[in-house]
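To start, the structure under review is shown below, and the notes come after it.
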Amino acid sequence: MSDAAARAERRIALVRDDVDARLALAQEFYTHSAEPLRRYGHAELSFLHWSAARGVLAPESGARPGSAWWRSVNEGLLRDKVEAGLLCAGVRGEASARSVEYWVDCVREPSPAAWYRAHNASIVAGYLRHEELAAPESQVERFMMNVALLRVLFTHAMLVRPRLMLGHLARLGPLLVDPRSGTVKWFLDLGRSFPAVYPITLPTEDTILDEHALARMLDYGVIAPRLPALYAVAAAALEEPRLTTLLDDGVPAYVWTRTERSLWYVGNTGAHLRLIARTTGVRLRWPPSPAKVRTVPLHG
């Protein structure tokens with residue numbers, strides 16, 4: 001009889017090149033869990049369906065190949081959950097990673113904090129493990145990877161450190177990002193920020209300028225001024241000090257070069273960003289946008 005880690009690897013191998021089976025396995029973790037945990041999958045499953053619709057999870061051998069990076073990060077999250085579920089069901093073995101331990105804790109005692117710690121530990125582990133797969137991706141795709149990371153870290157921090165993340169609006173944080181609530185999907189919904197196709201063919205600057213106004217307010221007015229504190233909080237919560245290396249002097253730098261740095265300032269436009277920053281207790285510190293804001297959307 002093999003242990004839980006080996007059995008989890010075999011289950012992942014069965015769904016590796018089948019997008020629908022991946023989705024079913026992700027859903028199964030929640031639907032087959034005890035009642036308290038079943039409500040925690042809203043945001044994760046919504047993001048997964050959006051990823052599948054984009055095409056990033058498609059087999060690399062298909063007519064429209066997917067992304068080796070997105071597939072691998074998703075695979076790590078699935079594997080951690082499957083292994084944790086097996087361990088909690090009594091299959092012998094020790095957790096193969098700290099992220100699996102966190103998922104075991106979440107299954108046994110579900111809570112918003114436990115779910116975020118487990119989910120984000122799996123995601124961060126995937127980012128750190130698969131940098132070499134991210135490097136060949138387009139610039140705009142790598143930009144999206146950084147935005148996805150800072151958003152998911154921010155939602156966790158809004159729960160555990162709401163005053164640091166929202167200032168006087170702190171009391172709203174835990175309510176807005178409870179994973180059992182539909183509101184959390186707004187913070188993790190990249191569909192408001194990026195085209196729902198893979199690969200993205202628009203230039204990075206055009207894609208940034210076309211970001212939905214509310215999403216830009218979140219990214220530039222609320223999150224950007226707090227990035228060093230945010231990554232430090234996340235590194236401590238997940239016990240992963242390497243996470244702070246994914247910033248370069250306060251700017252997202254996952255598989256990102258110094259010569260590309262100025263692109264992060266493109267969306268930093270408008271007095272409304274200064275207003276939302278002040279409302280949440282911080283000041284904008286990034287340089288203003290070097291680009292003219294687009295008035296006609298490039299995509300829906």
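Chain identifiers are assigned as A, B, and so on, following the order in which chains appear in the structure tokens; residues are numbered from 1 within each chain, and ligands are numbered from 1 in order of appearance.
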
(request) Could you give me, as a list of chain:residue names, the residues within 9 Å of Val197 (chain A), counting only C-alpha atoms and dropping anything in the same chain fewer than 2 positions from it? (result) A:Ala53, A:Arg54, A:Gly55, A:Val56, A:Phe194, A:Pro195, A:Pro199, A:Ile200, A:Thr201

For N, CA and C atoms, I'd like the residues from the last selection saved as a PDB file, in the first residue's frame.
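Ended up saving to selection.pdb:
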ATOM      1  N   ALA A  53     -11.157  28.657 -19.185  1.00  0.00           N
ATOM      2  CA  ALA A  53     -11.749  29.338 -20.330  1.00  0.00           C
ATOM      3  C   ALA A  53     -10.704  30.108 -21.132  1.00  0.00           C
ATOM      4  N   ARG A  54      -9.712  30.646 -20.461  1.00  0.00           N
ATOM      5  CA  ARG A  54      -8.618  31.349 -21.155  1.00  0.00           C
ATOM      6  C   ARG A  54      -7.820  30.400 -22.036  1.00  0.00           C
ATOM      7  N   GLY A  55      -7.717  29.140 -21.607  1.00  0.00           N
ATOM      8  CA  GLY A  55      -6.941  28.166 -22.356  1.00  0.00           C
ATOM      9  C   GLY A  55      -5.604  27.827 -21.747  1.00  0.00           C
ATOM     10  N   VAL A  56      -5.274  28.410 -20.575  1.00  0.00           N
ATOM     11  CA  VAL A  56      -3.942  28.173 -20.016  1.00  0.00           C
ATOM     12  C   VAL A  56      -3.771  26.756 -19.472  1.00  0.00           C
ATOM     13  N   PHE A 194      -7.658  41.824 -17.349  1.00  0.00           N
ATOM     14  CA  PHE A 194      -6.904  41.273 -18.468  1.00  0.00           C
ATOM     15  C   PHE A 194      -7.822  40.556 -19.452  1.00  0.00           C
ATOM     16  N   PRO A 195      -7.425  40.492 -20.731  1.00  0.00           N
ATOM     17  CA  PRO A 195      -8.217  39.762 -21.728  1.00  0.00           C
ATOM     18  C   PRO A 195      -8.344  38.287 -21.361  1.00  0.00           C
ATOM     19  N   PRO A 199      -2.630  32.908 -25.864  1.00  0.00           N
ATOM     20  CA  PRO A 199      -1.833  33.997 -25.281  1.00  0.00           C
ATOM     21  C   PRO A 199      -2.439  35.362 -25.583  1.00  0.00           C
ATOM     22  N   ILE A 200      -2.141  36.341 -24.717  1.00  0.00           N
ATOM     23  CA  ILE A 200      -2.579  37.715 -24.947  1.00  0.00           C
ATOM     24  C   ILE A 200      -1.706  38.310 -26.038  1.00  0.00           C
ATOM     25  N   THR A 201      -2.342  38.941 -27.012  1.00  0.00           N
ATOM     26  CA  THR A 201      -1.592  39.481 -28.144  1.00  0.00           C
ATOM     27  C   THR A 201      -1.392  40.992 -28.057  1.00  0.00           C
TER      28      THR A 201
END

(request) Determine which residues of region 51-95 of chain A DSSP labels as alpha helix (DSSP H) from the backbone of this structure, then write them out as a PyMOL selection string. (result) chain A and resi 51-54+68-88

For the residues selected in the previous step, produce a file with N, CA and C atoms as a PDB file, in the first residue's frame.
ATOM      1  N   SER A  51      -9.503  30.411 -15.680  1.00  0.00           N
ATOM      2  CA  SER A  51      -8.231  29.953 -16.250  1.00  0.00           C
ATOM      3  C   SER A  51      -8.470  28.937 -17.354  1.00  0.00           C
ATOM      4  N   ALA A  52      -9.394  28.019 -17.103  1.00  0.00           N
ATOM      5  CA  ALA A  52      -9.700  27.016 -18.121  1.00  0.00           C
ATOM      6  C   ALA A  52     -10.275  27.668 -19.374  1.00  0.00           C
ATOM      7  N   ALA A  53     -11.157  28.657 -19.185  1.00  0.00           N
ATOM      8  CA  ALA A  53     -11.749  29.338 -20.330  1.00  0.00           C
ATOM      9  C   ALA A  53     -10.704  30.108 -21.132  1.00  0.00           C
ATOM     10  N   ARG A  54      -9.712  30.646 -20.461  1.00  0.00           N
ATOM     11  CA  ARG A  54      -8.618  31.349 -21.155  1.00  0.00           C
ATOM     12  C   ARG A  54      -7.820  30.400 -22.036  1.00  0.00           C
ATOM     13  N   ALA A  68       2.642  26.039 -19.618  1.00  0.00           N
ATOM     14  CA  ALA A  68       3.311  25.102 -18.707  1.00  0.00           C
ATOM     15  C   ALA A  68       3.345  25.662 -17.286  1.00  0.00           C
ATOM     16  N   TRP A  69       3.484  26.985 -17.172  1.00  0.00           N
ATOM     17  CA  TRP A  69       3.565  27.593 -15.841  1.00  0.00           C
ATOM     18  C   TRP A  69       2.222  27.533 -15.117  1.00  0.00           C
ATOM     19  N   TRP A  70       1.160  28.019 -15.751  1.00  0.00           N
ATOM     20  CA  TRP A  70      -0.144  28.014 -15.095  1.00  0.00           C
ATOM     21  C   TRP A  70      -0.594  26.588 -14.777  1.00  0.00           C
ATOM     22  N   ARG A  71      -0.317  25.666 -15.687  1.00  0.00           N
ATOM     23  CA  ARG A  71      -0.682  24.271 -15.444  1.00  0.00           C
ATOM     24  C   ARG A  71       0.050  23.721 -14.222  1.00  0.00           C
ATOM     25  N   SER A  72       1.325  24.038 -14.101  1.00  0.00           N
ATOM     26  CA  SER A  72       2.138  23.497 -13.008  1.00  0.00           C
ATOM     27  C   SER A  72       1.739  24.083 -11.657  1.00  0.00           C
ATOM     28  N   VAL A  73       1.475  25.387 -11.622  1.00  0.00           N
ATOM     29  CA  VAL A  73       1.056  26.001 -10.364  1.00  0.00           C
ATOM     30  C   VAL A  73      -0.298  25.431  -9.930  1.00  0.00           C
ATOM     31  N   ASN A  74      -1.216  25.290 -10.876  1.00  0.00           N
ATOM     32  CA  ASN A  74      -2.506  24.695 -10.553  1.00  0.00           C
ATOM     33  C   ASN A  74      -2.350  23.243 -10.103  1.00  0.00           C
ATOM     34  N   GLU A  75      -1.456  22.535 -10.741  1.00  0.00           N
ATOM     35  CA  GLU A  75      -1.230  21.127 -10.388  1.00  0.00           C
ATOM     36  C   GLU A  75      -0.729  20.998  -8.953  1.00  0.00           C
ATOM     37  N   GLY A  76       0.162  21.898  -8.547  1.00  0.00           N
ATOM     38  CA  GLY A  76       0.667  21.856  -7.178  1.00  0.00           C
ATOM     39  C   GLY A  76      -0.436  22.076  -6.162  1.00  0.00           C
ATOM     40  N   LEU A  77      -1.323  23.027  -6.435  1.00  0.00           N
ATOM     41  CA  LEU A  77      -2.446  23.275  -5.536  1.00  0.00           C
ATOM     42  C   LEU A  77      -3.344  22.044  -5.449  1.00  0.00           C
ATOM     43  N   LEU A  78      -3.658  21.445  -6.584  1.00  0.00           N
ATOM     44  CA  LEU A  78      -4.487  20.245  -6.587  1.00  0.00           C
ATOM     45  C   LEU A  78      -3.833  19.103  -5.821  1.00  0.00           C
ATOM     46  N   ARG A  79      -2.539  18.901  -6.071  1.00  0.00           N
ATOM     47  CA  ARG A  79      -1.838  17.801  -5.408  1.00  0.00           C
ATOM     48  C   ARG A  79      -1.836  17.981  -3.888  1.00  0.00           C
ATOM     49  N   ASP A  80      -1.586  19.199  -3.429  1.00  0.00           N
ATOM     50  CA  ASP A  80      -1.574  19.451  -1.984  1.00  0.00           C
ATOM     51  C   ASP A  80      -2.928  19.129  -1.363  1.00  0.00           C
ATOM     52  N   LYS A  81      -4.001  19.526  -2.029  1.00  0.00           N
ATOM     53  CA  LYS A  81      -5.332  19.277  -1.480  1.00  0.00           C
ATOM     54  C   LYS A  81      -5.670  17.784  -1.482  1.00  0.00           C
ATOM     55  N   VAL A  82      -5.335  17.112  -2.580  1.00  0.00           N
ATOM     56  CA  VAL A  82      -5.618  15.678  -2.647  1.00  0.00           C
ATOM     57  C   VAL A  82      -4.856  14.936  -1.559  1.00  0.00           C
ATOM     58  N   GLU A  83      -3.579  15.268  -1.394  1.00  0.00           N
ATOM     59  CA  GLU A  83      -2.785  14.594  -0.369  1.00  0.00           C
ATOM     60  C   GLU A  83      -3.349  14.864   1.028  1.00  0.00           C
ATOM     61  N   ALA A  84      -3.716  16.103   1.293  1.00  0.00           N
ATOM     62  CA  ALA A  84      -4.278  16.438   2.603  1.00  0.00           C
ATOM     63  C   ALA A  84      -5.576  15.683   2.842  1.00  0.00           C
ATOM     64  N   GLY A  85      -6.422  15.586   1.821  1.00  0.00           N
ATOM     65  CA  GLY A  85      -7.662  14.852   1.961  1.00  0.00           C
ATOM     66  C   GLY A  85      -7.434  13.385   2.270  1.00  0.00           C
ATOM     67  N   LEU A  86      -6.444  12.797   1.621  1.00  0.00           N
ATOM     68  CA  LEU A  86      -6.120  11.386   1.881  1.00  0.00           C
ATOM     69  C   LEU A  86      -5.599  11.191   3.305  1.00  0.00           C
ATOM     70  N   LEU A  87      -4.731  12.094   3.743  1.00  0.00           N
ATOM     71  CA  LEU A  87      -4.204  11.994   5.107  1.00  0.00           C
ATOM     72  C   LEU A  87      -5.329  12.108   6.130  1.00  0.00           C
ATOM     73  N   CYS A  88      -6.259  13.023   5.887  1.00  0.00           N
ATOM     74  CA  CYS A  88      -7.371  13.190   6.824  1.00  0.00           C
ATOM     75  C   CYS A  88      -8.331  12.006   6.782  1.00  0.00           C
TER      76      CYS A  88
END

(message) Taking only C-alpha atoms into account, name the residue in A:Ala114, A:Cys106, A:Ala89, A:Ile12 that is nearest to His32 (chain A).
(response)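 When distances to His32 (chain A) are compared using only C-alpha atoms, the smallest one comes from A:Ala89.
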
(request) Excluding Val233 (chain A) and residues on its chain fewer than 5 positions from it, collect all residues at most 9 Å away from it, counting only C-alpha atoms, and give them as an MDAnalysis selection string. (result) chainID A and resid 153 157 161 228 238
